[in-house]
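File shown: work07.cif. Contents: mmCIF, C-alpha atoms.
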data_final
loop_
_atom_site.label_atom_id
_atom_site.label_comp_id
_atom_site.auth_asym_id
_atom_site.auth_seq_id
_atom_site.Cartn_x
_atom_site.Cartn_y
_atom_site.Cartn_z
CA MET A 935 20.65 -5.99 -18.76
CA LEU A 936 17.84 -6.96 -16.40
CA VAL A 937 15.50 -4.48 -18.08
CA VAL A 938 16.35 -5.86 -21.54
CA ALA A 939 15.89 -9.40 -20.24
CA GLY A 940 12.54 -8.45 -18.68
CA VAL A 941 11.28 -6.83 -21.89
CA ALA A 942 12.41 -9.86 -23.91
CA LEU A 943 10.61 -12.19 -21.52
CA ALA A 944 7.48 -10.03 -21.59
CA PHE A 945 7.31 -10.02 -25.39
CA PHE A 946 8.65 -13.44 -26.38
CA TRP A 947 8.33 -15.83 -23.43
CA VAL A 948 5.15 -15.14 -21.48
CA PRO A 949 2.12 -16.70 -23.16
CA THR A 950 -0.63 -14.30 -24.15
CA THR A 951 -3.40 -14.27 -21.56
CA PRO A 952 -6.89 -15.21 -22.68
CA PRO A 953 -9.39 -12.44 -23.56
CA PRO A 954 -10.46 -9.87 -22.51
CA GLU A 955 -6.90 -8.88 -21.45
CA GLY A 956 -5.01 -10.67 -24.24
CA PHE A 957 -1.86 -9.01 -25.58
CA ARG A 958 -2.39 -5.71 -23.75
CA GLN A 959 -1.72 -7.51 -20.43
CA ARG A 960 2.00 -7.17 -21.30
CA ILE A 961 1.90 -3.51 -20.28
CA PHE A 962 1.61 -4.87 -16.72
CA TYR A 963 5.32 -5.91 -16.85
CA ILE A 964 6.46 -2.33 -17.36
CA HIS A 965 3.69 -0.29 -15.71
CA VAL A 966 3.65 -1.96 -12.29
CA PRO A 967 7.48 -2.21 -11.83
CA VAL A 968 7.84 1.43 -12.85
CA ALA A 969 5.12 2.46 -10.37
CA LEU A 970 6.70 0.43 -7.56
CA THR A 971 10.10 1.94 -8.39
CA ALA A 972 8.59 5.43 -8.15
CA TYR A 973 7.22 4.55 -4.70
CA ALA A 974 10.63 3.15 -3.71
CA CYS A 975 12.37 6.37 -4.82
CA PHE A 976 9.94 8.54 -2.85
CA GLY A 977 10.38 6.24 0.15
CA TRP A 978 14.17 6.49 -0.18
CA ALA A 979 13.89 10.29 -0.40
CA ALA A 980 11.82 10.32 2.79
CA TRP A 981 14.37 8.08 4.56
CA LYS A 982 17.19 10.44 3.58
CA ALA A 983 15.08 13.40 4.68
CA LEU A 984 14.55 11.72 8.04
CA ARG A 985 18.31 11.13 8.35
CA LEU A 986 18.90 14.80 7.57
CA LEU A 987 16.50 15.97 10.26
CA TRP A 988 17.83 13.41 12.73
CA THR A 989 21.59 13.75 12.24
CA ARG A 990 21.84 17.18 10.53
CA GLY A 991 24.12 15.55 7.95
CA GLU A 992 24.40 17.96 5.04
CA ARG A 993 24.91 15.26 2.43
CA TYR A 994 21.42 13.80 3.01
CA ASP A 995 19.81 16.89 1.51
CA LEU A 996 21.32 16.21 -1.92
CA GLU A 997 20.57 12.49 -1.64
CA SER A 998 16.91 13.14 -0.79
CA TYR A 999 16.57 15.68 -3.60
CA THR A 1000 18.11 13.27 -6.15
CA ALA A 1001 15.80 10.45 -5.05
CA VAL A 1002 12.75 12.72 -5.49
CA HIS A 1003 13.99 13.67 -8.95
CA ILE A 1004 14.36 10.05 -10.04
CA GLY A 1005 11.00 9.22 -8.43
CA VAL A 1006 9.27 11.96 -10.42
CA ILE A 1007 10.77 10.59 -13.66
CA PHE A 1008 9.39 7.14 -12.83
CA GLY A 1009 6.11 8.79 -11.82
CA VAL A 1010 5.80 10.31 -15.30
CA LEU A 1011 6.44 6.88 -16.81
CA THR A 1012 3.79 5.33 -14.53
CA LEU A 1013 1.19 7.87 -15.62
CA VAL A 1014 2.05 7.53 -19.31
CA THR A 1015 2.10 3.71 -19.38
CA GLY A 1016 -1.05 3.63 -17.24
CA SER A 1017 -2.79 5.99 -19.66
CA ILE A 1018 -1.82 3.80 -22.60
CA TRP A 1019 -3.20 0.77 -20.80
CA ALA A 1020 -6.42 2.67 -19.97
CA ARG A 1021 -6.81 3.60 -23.63
CA THR A 1022 -6.57 -0.01 -24.77
CA SER A 1023 -8.66 -1.40 -21.92
CA TRP A 1024 -11.27 1.24 -21.08
CA GLY A 1025 -11.19 3.24 -24.32
CA VAL A 1026 -10.17 6.48 -22.56
CA TRP A 1027 -6.76 7.97 -21.74
CA TRP A 1028 -7.83 9.08 -18.28
CA THR A 1029 -10.84 8.87 -16.00
CA TRP A 1030 -11.39 11.11 -13.00
CA SER A 1031 -13.83 8.66 -11.40
CA GLU A 1032 -11.05 6.28 -10.37
CA ARG A 1033 -9.66 7.18 -6.95
CA GLN A 1034 -6.43 5.27 -7.40
CA LEU A 1035 -5.55 7.18 -10.57
CA VAL A 1036 -6.37 10.51 -8.99
CA LEU A 1037 -4.43 9.61 -5.84
CA PHE A 1038 -1.35 8.68 -7.85
CA LEU A 1039 -1.70 11.94 -9.78
CA ILE A 1040 -1.90 13.84 -6.47
CA LEU A 1041 1.21 12.01 -5.24
CA PHE A 1042 3.02 12.86 -8.48
CA LEU A 1043 1.96 16.53 -8.39
CA PHE A 1044 2.92 16.74 -4.71
CA TYR A 1045 6.46 15.60 -5.49
CA SER A 1046 6.59 17.78 -8.61
CA ALA A 1047 5.81 20.76 -6.39
CA TYR A 1048 8.80 19.73 -4.23
CA PHE A 1049 11.10 21.41 -6.77
CA MET A 1050 9.12 24.67 -6.66
CA VAL A 1051 9.24 24.68 -2.86
CA ARG A 1052 12.94 23.84 -2.87
CA TYR A 1053 13.97 26.52 -5.34
CA SER A 1054 11.80 29.20 -3.72
CA VAL A 1055 14.24 29.26 -0.79
CA ASP A 1056 17.91 30.29 -0.89
CA PRO A 1057 20.44 27.45 -0.51
CA GLY A 1058 21.35 26.66 3.06
CA PRO A 1059 20.13 24.81 6.16
CA ARG A 1060 16.66 26.39 5.93
CA ARG A 1061 16.12 25.06 2.43
CA ALA A 1062 17.45 21.64 3.40
CA ASN A 1063 15.12 21.41 6.41
CA MET A 1064 12.09 22.63 4.47
CA SER A 1065 12.75 20.16 1.63
CA ALA A 1066 13.23 17.32 4.12
CA VAL A 1067 9.95 18.04 5.91
CA TYR A 1068 8.15 18.23 2.55
CA ALA A 1069 9.63 14.90 1.37
CA LEU A 1070 8.61 13.30 4.68
CA PHE A 1071 5.02 14.53 4.36
CA GLY A 1072 4.80 13.16 0.84
CA VAL A 1073 5.66 9.63 1.88
CA VAL A 1074 2.35 9.45 3.78
CA LEU A 1075 0.59 9.52 0.41
CA ILE A 1076 2.32 6.30 -0.74
CA PRO A 1077 0.38 3.81 1.44
CA VAL A 1078 -2.80 5.77 0.73
CA SER A 1079 -2.15 5.44 -3.01
CA VAL A 1080 -1.33 1.71 -2.78
CA LEU A 1081 -4.30 0.93 -0.51
CA ALA A 1082 -6.66 2.94 -2.71
CA ILE A 1083 -6.23 0.33 -5.45
CA ARG A 1084 -7.46 -2.32 -3.01
CA LEU A 1085 -10.07 -0.33 -1.13
CA ALA A 1086 -11.67 1.50 -4.05
CA GLU A 1087 -15.34 0.70 -4.45
CA ASN A 1088 -15.23 1.15 -8.19
CA LEU A 1089 -12.85 -1.64 -9.21
CA ILE A 1090 -11.99 -0.81 -12.79
CA HIS A 1091 -8.28 -0.74 -12.04
CA PRO A 1092 -7.17 -4.40 -11.91
CA VAL A 1093 -5.75 -5.79 -8.66
CA VAL A 1094 -3.21 -8.55 -9.26
CA PHE A 1095 -1.30 -8.81 -5.98
CA THR A 1096 -3.92 -10.14 -3.62
CA ARG A 1097 -3.93 -13.20 -1.33
CA ASP A 1098 -4.85 -15.23 -4.42
CA VAL A 1099 -1.81 -14.10 -6.40
CA ASP A 1100 -1.24 -17.71 -7.54
CA GLU A 1101 -4.59 -17.63 -9.30
CA ASN A 1102 -4.00 -14.20 -10.84
CA LEU A 1103 -0.50 -14.87 -12.18
CA THR A 1104 1.09 -17.97 -13.67
CA ALA A 1105 4.67 -18.93 -12.75
CA SER A 1106 6.04 -17.49 -16.02
CA GLN A 1107 4.13 -14.24 -15.53
CA LEU A 1108 5.38 -13.88 -11.97
CA ALA A 1109 8.98 -14.65 -13.02
CA THR A 1110 8.80 -12.06 -15.82
CA PHE A 1111 7.35 -9.52 -13.43
CA VAL A 1112 10.12 -10.13 -10.89
CA VAL A 1113 12.83 -9.73 -13.57
CA CYS A 1114 11.20 -6.50 -14.79
CA LEU A 1115 10.89 -5.18 -11.23
CA LEU A 1116 14.54 -5.96 -10.46
CA GLY A 1117 15.51 -4.35 -13.77
CA THR A 1118 13.66 -1.10 -13.11
CA LEU A 1119 14.97 -0.96 -9.54
CA ALA A 1120 18.53 -1.50 -10.79
CA LEU A 1121 17.98 1.18 -13.43
CA ALA A 1122 16.71 3.60 -10.79
CA VAL A 1123 19.71 2.89 -8.54
CA ALA A 1124 22.11 3.46 -11.47
CA LEU A 1125 20.41 6.73 -12.43
CA TYR A 1126 20.35 7.83 -8.77
CA LEU A 1127 24.06 7.14 -8.23
CA ASN A 1128 25.07 8.81 -11.50
CA GLU A 1129 22.99 11.88 -10.85
CA LEU A 1130 24.23 12.11 -7.28
CA THR A 1131 27.87 11.94 -8.45
CA GLY A 1132 27.19 14.66 -11.03
CA LYS A 1133 25.50 16.93 -8.50
CA ARG A 1134 28.31 16.49 -5.97
CA LEU A 1135 30.86 17.28 -8.66
CA ASP A 1136 28.85 20.33 -9.68
CA ARG A 1137 28.71 21.57 -6.09
CA ARG A 1138 32.46 21.07 -5.55
CA LEU A 1139 33.26 22.86 -8.79
CA ARG A 1140 31.13 25.80 -7.68
CA GLU A 1141 32.94 25.90 -4.34
CA LEU A 1142 36.29 25.71 -6.12
CA ARG A 1143 35.35 28.55 -8.47
CA GLU A 1144 34.27 30.69 -5.52
CA ALA A 1145 37.53 29.89 -3.70
CA ILE A 1146 39.57 30.91 -6.75
CA ALA A 1147 37.58 34.11 -7.22
CA ALA A 1148 38.02 35.09 -3.54
CA MET B 831 -0.22 -5.45 -36.11
CA THR B 832 -3.32 -5.23 -33.92
CA SER B 833 -4.37 -2.17 -31.97
CA ALA B 834 -3.36 -3.80 -28.65
CA GLU B 835 0.09 -4.66 -30.03
CA LYS B 836 0.58 -1.06 -31.15
CA TYR B 837 -0.35 0.32 -27.73
CA VAL B 838 1.84 -2.18 -25.85
CA THR B 839 4.80 -1.40 -28.12
CA ALA B 840 4.14 2.32 -27.64
CA ALA B 841 4.18 1.90 -23.85
CA TYR B 842 7.58 0.19 -23.91
CA LEU B 843 8.94 2.70 -26.43
CA VAL B 844 7.82 5.62 -24.26
CA VAL B 845 9.80 4.20 -21.33
CA LEU B 846 12.83 3.65 -23.56
CA ALA B 847 12.56 7.17 -25.04
CA MET B 848 12.27 8.76 -21.61
CA ILE B 849 15.32 6.93 -20.28
CA LEU B 850 17.27 7.84 -23.44
CA LEU B 851 16.22 11.49 -23.08
CA TYR B 852 17.42 11.47 -19.48
CA VAL B 853 20.76 9.94 -20.51
CA VAL B 854 21.20 12.56 -23.28
CA ILE B 855 20.40 15.43 -20.90
CA TYR B 856 22.80 13.95 -18.37
CA ALA B 857 25.53 13.60 -21.02
CA PHE B 858 25.15 17.32 -21.81
CA LYS B 859 25.46 18.10 -18.11
CA LEU B 860 28.62 16.00 -17.82
CA ALA B 861 30.05 17.75 -20.89
CA ARG B 862 29.34 21.12 -19.21
CA LEU B 863 31.07 19.97 -16.03
CA GLY B 864 34.06 18.85 -18.13
CA ARG B 865 34.24 22.30 -19.75
CA GLU B 866 34.09 23.98 -16.35
CA VAL B 867 36.93 21.79 -15.04
CA GLU B 868 38.96 22.73 -18.10
CA GLU B 869 38.16 26.42 -17.57
CA ILE B 870 39.34 26.26 -13.94
CA VAL B 871 42.54 24.46 -14.96
CA GLN B 872 43.23 27.17 -17.59
CA ARG B 873 42.56 29.92 -15.06
CA LEU B 874 44.93 28.37 -12.52
CA ARG B 875 47.61 27.95 -15.17
CA SER B 876 47.29 31.59 -16.24
CA GLN B 877 47.49 32.69 -12.58
CA ASP B 878 50.66 30.63 -12.15
CA GLY B 879 52.09 32.23 -15.28
CA LYS B 880 51.39 35.74 -13.96
CA ALA B 881 52.98 34.91 -10.61
CA GLY B 882 56.32 34.34 -12.33
CA SER B 883 58.53 31.28 -11.95
CA PRO B 884 56.92 28.06 -10.66
CA PRO B 885 57.23 27.44 -6.90
CA GLN B 886 60.25 25.48 -5.70
CA ARG B 887 59.60 21.83 -4.91
CA ASP B 888 61.88 21.68 -1.86
CA PRO B 889 61.42 24.50 0.63
CA PRO B 890 64.62 26.06 2.07
CA ALA B 891 63.75 24.94 5.63
CA ARG B 892 63.93 21.28 4.66
CA LEU B 893 67.22 21.86 2.80
CA SER B 894 68.77 23.47 5.87
CA ARG B 895 67.85 20.46 7.96
CA GLN B 896 69.61 18.03 5.66
#
Could you quickly redo this structure as structure tokens?
Amino acid sequence: MLVVAGVALAFFWVPTTPPPEGFRQRIFYIHVPVALTAYACFGWAAWKALRLLWTRGERYDLESYTAVHIGVIFGVLTLVTGSIWARTSWGVWWTWSERQLVLFLILFLFYSAYFMVRYSVDPGPRRANMSAVYALFGVVLIPVSVLAIRLAENLIHPVVFTRDVDENLTASQLATFVVCLLGTLALAVALYLNELTGKRLDRRLRELREAIAA
Amino acid sequence: MTSAEKYVTAAYLVVLAMILLYVVIYAFKLARLGREVEEIVQRLRSQDGKAGSPPQRDPPARLSRQ
């Protein structure tokens, strides 16, 4: 509901910004919340990985893995919506000269490789530990990726959330952004919980089948 | 419809399509899990059938105590 409300606000409530941004500025309300949600998912995965390594709780492995999976989905959406924005704004789908784009791509590929690392090891404590360490390493890339947008010398990528955020965003724009962000976060939580329930059910069914076969 | 409007609409539609695709894939997975549950139930029922009469609800030990 929040996502639908956010999209409705973005299309029908927020006034169109003056040129050069104009109508294309509305991509901001989906691109940035989706990117922040991807970061949140990777951060959550790292937290669960840390809990696994700290407490040796077996359930954290599945929780970390599910969070990475949802994060990668939102990462794909970030790259696609960002590319569409780049096409309308810069005239190209992608540019390698922008550090922030390349850094996000590296972050995305790093977490995509998580699945290859995970499934290259047989299930068990070794796989859980290896996956947890990998997820923890990946979280280091998040602040680097966020800071790159602010520290990059070549400022093609717009920076909205600065100390002068009041000047960059009007009240209606900020309200729409907050609704969209809450909507994407709620969507990610719903997808995470559903997928986690499905994976737990799948695991228990496998155990039950093995118990019957034995 | 201007070029910018087309691209903005495309961006939102891509997000919607991706989420829908995920939901469809997940629905297939849930359907598979449902089939597996059904298969296990059938297997247990057939095992019970092979074992003969169904087990007694009240064990003899409890009856002797009463």
- Task: Tell me, as a list in words, which residues lie within 6 Å of Phe976 in chain A, counting all atoms listed in the file; anything in the same chain fewer than 2 positions away does not count.
- Result: Tyr973, Ala974, Trp978, Ala979, Val1002 and Gly1005 of chain A
Report the closest atom pair, with its distance in Å rounded to one decimal, for each residue of chain A that has an atom no farther than 8 Å from chain B; count only C-alpha atoms, sort by chain and then rising residue number, and write it as CSV.
residue,atom,partner,partner_atom,distance
A:Phe957,CA,B:Ala834,CA,6.2
A:Arg958,CA,B:Ala834,CA,5.3
A:Arg960,CA,B:Val838,CA,6.8
A:Ile961,CA,B:Val838,CA,5.7
A:Ile964,CA,B:Tyr842,CA,7.1
A:Leu1011,CA,B:Val845,CA,6.2
A:Val1014,CA,B:Ala841,CA,7.5
A:Thr1015,CA,B:Ala841,CA,5.3
A:Ile1018,CA,B:Tyr837,CA,6.4
A:Trp1019,CA,B:Tyr837,CA,7.5
A:Thr1022,CA,B:Ala834,CA,6.3
A:Glu1129,CA,B:Tyr856,CA,7.8
A:Gly1132,CA,B:Leu860,CA,7.1
A:Leu1135,CA,B:Leu863,CA,7.8
A:Asp1136,CA,B:Leu863,CA,6.7
A:Leu1139,CA,B:Val867,CA,7.3
A:Arg1143,CA,B:Ile870,CA,7.1
- Could you tell me how far CA of Ala972 in chain A lies from CA of Phe1008 in chain A, in Å and to one decimal?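 The value is 5.0 Å.
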- Message: Given the point (21.3, 5.2, -5.2) in the file's coordinates, find the residues that have an atom at most 12 Å from it, counting all atoms listed in the file, and give them as a ChimeraX atom specification.
- Response: /A:974-975,978-979,982,994,996-1005,1119-1131
- Message: Given only C-alpha atoms as the basis, pick out the residue of A:Arg985, A:Arg990, A:Arg1138, A:Arg1033 nearest to Leu1081 in chain A.
- Response: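 Using only C-alpha atoms, the shortest distance to Leu1081 in chain A belongs to A:Arg1033.
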- Message: Please report the interatomic distance between CA of Val968 in chain A and CA of Gly1009 in chain A in Å with one decimal.
- Response: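 CA of Val968 in chain A sits 7.6 Å away from CA of Gly1009 in chain A.
Here CA of Trp947 in chain A stands at a distance of 17.4 Å from CA of Leu1116 in chain A.
Distance check against Tyr1068 in chain A using only C-alpha atoms: of A:Ala1147, A:Asp1056, A:Phe1042, A:Ala983, the minimum falls on A:Ala983.
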- Task: List, as a ChimeraX atom specification, every residue that the PyMOL selection byres ((chain A and resi 1106) around 12) selects in the file provided.
- Result: /A:940,943-944,946-951,963,1100,1102-1105,1107-1113
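For the residues A:Ala980, A:Leu987, A:Ala969, A:Val1067, ranking by smallest atom-to-atom distance to Leu1035 in chain A using only C-alpha atoms places A:Ala969 first.
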Could you please fill out range 954-976 of chain A with N, CA and C atoms and send it back as a PDB file, keeping the file's coordinate frame?
ATOM      1  N   PRO A 954     -10.525 -11.147 -21.796  1.00  0.00           N
ATOM      2  CA  PRO A 954     -10.460  -9.870 -22.510  1.00  0.00           C
ATOM      3  C   PRO A 954      -9.090  -9.193 -22.470  1.00  0.00           C
ATOM      4  N   GLU A 955      -8.182  -9.595 -21.561  1.00  0.00           N
ATOM      5  CA  GLU A 955      -6.900  -8.880 -21.450  1.00  0.00           C
ATOM      6  C   GLU A 955      -6.034  -9.104 -22.702  1.00  0.00           C
ATOM      7  N   GLY A 956      -5.772 -10.345 -23.030  1.00  0.00           N
ATOM      8  CA  GLY A 956      -5.010 -10.670 -24.240  1.00  0.00           C
ATOM      9  C   GLY A 956      -3.627 -10.039 -24.248  1.00  0.00           C
ATOM     10  N   PHE A 957      -3.216  -9.516 -25.402  1.00  0.00           N
ATOM     11  CA  PHE A 957      -1.860  -9.010 -25.580  1.00  0.00           C
ATOM     12  C   PHE A 957      -1.574  -7.781 -24.711  1.00  0.00           C
ATOM     13  N   ARG A 958      -2.607  -6.967 -24.488  1.00  0.00           N
ATOM     14  CA  ARG A 958      -2.390  -5.710 -23.750  1.00  0.00           C
ATOM     15  C   ARG A 958      -1.963  -5.960 -22.299  1.00  0.00           C
ATOM     16  N   GLN A 959      -2.139  -7.189 -21.802  1.00  0.00           N
ATOM     17  CA  GLN A 959      -1.720  -7.510 -20.430  1.00  0.00           C
ATOM     18  C   GLN A 959      -0.215  -7.290 -20.258  1.00  0.00           C
ATOM     19  N   ARG A 960       0.538  -7.312 -21.376  1.00  0.00           N
ATOM     20  CA  ARG A 960       2.000  -7.170 -21.300  1.00  0.00           C
ATOM     21  C   ARG A 960       2.437  -5.796 -20.797  1.00  0.00           C
ATOM     22  N   ILE A 961       1.550  -4.830 -20.849  1.00  0.00           N
ATOM     23  CA  ILE A 961       1.900  -3.510 -20.280  1.00  0.00           C
ATOM     24  C   ILE A 961       2.142  -3.639 -18.764  1.00  0.00           C
ATOM     25  N   PHE A 962       1.464  -4.607 -18.162  1.00  0.00           N
ATOM     26  CA  PHE A 962       1.610  -4.870 -16.720  1.00  0.00           C
ATOM     27  C   PHE A 962       3.084  -5.001 -16.327  1.00  0.00           C
ATOM     28  N   TYR A 963       3.918  -5.634 -17.199  1.00  0.00           N
ATOM     29  CA  TYR A 963       5.320  -5.910 -16.850  1.00  0.00           C
ATOM     30  C   TYR A 963       6.202  -4.662 -16.863  1.00  0.00           C
ATOM     31  N   ILE A 964       5.686  -3.576 -17.420  1.00  0.00           N
ATOM     32  CA  ILE A 964       6.460  -2.330 -17.360  1.00  0.00           C
ATOM     33  C   ILE A 964       5.766  -1.324 -16.429  1.00  0.00           C
ATOM     34  N   HIS A 965       4.433  -1.291 -16.482  1.00  0.00           N
ATOM     35  CA  HIS A 965       3.690  -0.290 -15.710  1.00  0.00           C
ATOM     36  C   HIS A 965       3.834  -0.505 -14.197  1.00  0.00           C
ATOM     37  N   VAL A 966       3.616  -1.711 -13.738  1.00  0.00           N
ATOM     38  CA  VAL A 966       3.650  -1.960 -12.290  1.00  0.00           C
ATOM     39  C   VAL A 966       5.079  -1.828 -11.722  1.00  0.00           C
ATOM     40  N   PRO A 967       6.115  -2.426 -12.355  1.00  0.00           N
ATOM     41  CA  PRO A 967       7.480  -2.210 -11.830  1.00  0.00           C
ATOM     42  C   PRO A 967       7.886  -0.741 -11.796  1.00  0.00           C
ATOM     43  N   VAL A 968       7.486   0.008 -12.819  1.00  0.00           N
ATOM     44  CA  VAL A 968       7.840   1.430 -12.850  1.00  0.00           C
ATOM     45  C   VAL A 968       7.134   2.170 -11.706  1.00  0.00           C
ATOM     46  N   ALA A 969       5.863   1.828 -11.468  1.00  0.00           N
ATOM     47  CA  ALA A 969       5.120   2.460 -10.370  1.00  0.00           C
ATOM     48  C   ALA A 969       5.740   2.116  -9.016  1.00  0.00           C
ATOM     49  N   LEU A 970       6.088   0.843  -8.838  1.00  0.00           N
ATOM     50  CA  LEU A 970       6.700   0.430  -7.560  1.00  0.00           C
ATOM     51  C   LEU A 970       8.066   1.094  -7.372  1.00  0.00           C
ATOM     52  N   THR A 971       8.793   1.267  -8.476  1.00  0.00           N
ATOM     53  CA  THR A 971      10.100   1.940  -8.390  1.00  0.00           C
ATOM     54  C   THR A 971       9.913   3.411  -7.999  1.00  0.00           C
ATOM     55  N   ALA A 972       8.869   4.034  -8.537  1.00  0.00           N
ATOM     56  CA  ALA A 972       8.590   5.430  -8.150  1.00  0.00           C
ATOM     57  C   ALA A 972       8.307   5.509  -6.650  1.00  0.00           C
ATOM     58  N   TYR A 973       7.486   4.584  -6.154  1.00  0.00           N
ATOM     59  CA  TYR A 973       7.220   4.550  -4.700  1.00  0.00           C
ATOM     60  C   TYR A 973       8.522   4.358  -3.917  1.00  0.00           C
ATOM     61  N   ALA A 974       9.368   3.437  -4.408  1.00  0.00           N
ATOM     62  CA  ALA A 974      10.630   3.150  -3.710  1.00  0.00           C
ATOM     63  C   ALA A 974      11.515   4.396  -3.674  1.00  0.00           C
ATOM     64  N   CYS A 975      11.554   5.135  -4.773  1.00  0.00           N
ATOM     65  CA  CYS A 975      12.370   6.370  -4.820  1.00  0.00           C
ATOM     66  C   CYS A 975      11.840   7.403  -3.822  1.00  0.00           C
ATOM     67  N   PHE A 976      10.519   7.566  -3.797  1.00  0.00           N
ATOM     68  CA  PHE A 976       9.940   8.540  -2.850  1.00  0.00           C
ATOM     69  C   PHE A 976      10.187   8.078  -1.398  1.00  0.00           C
TER      70      PHE A 976
END
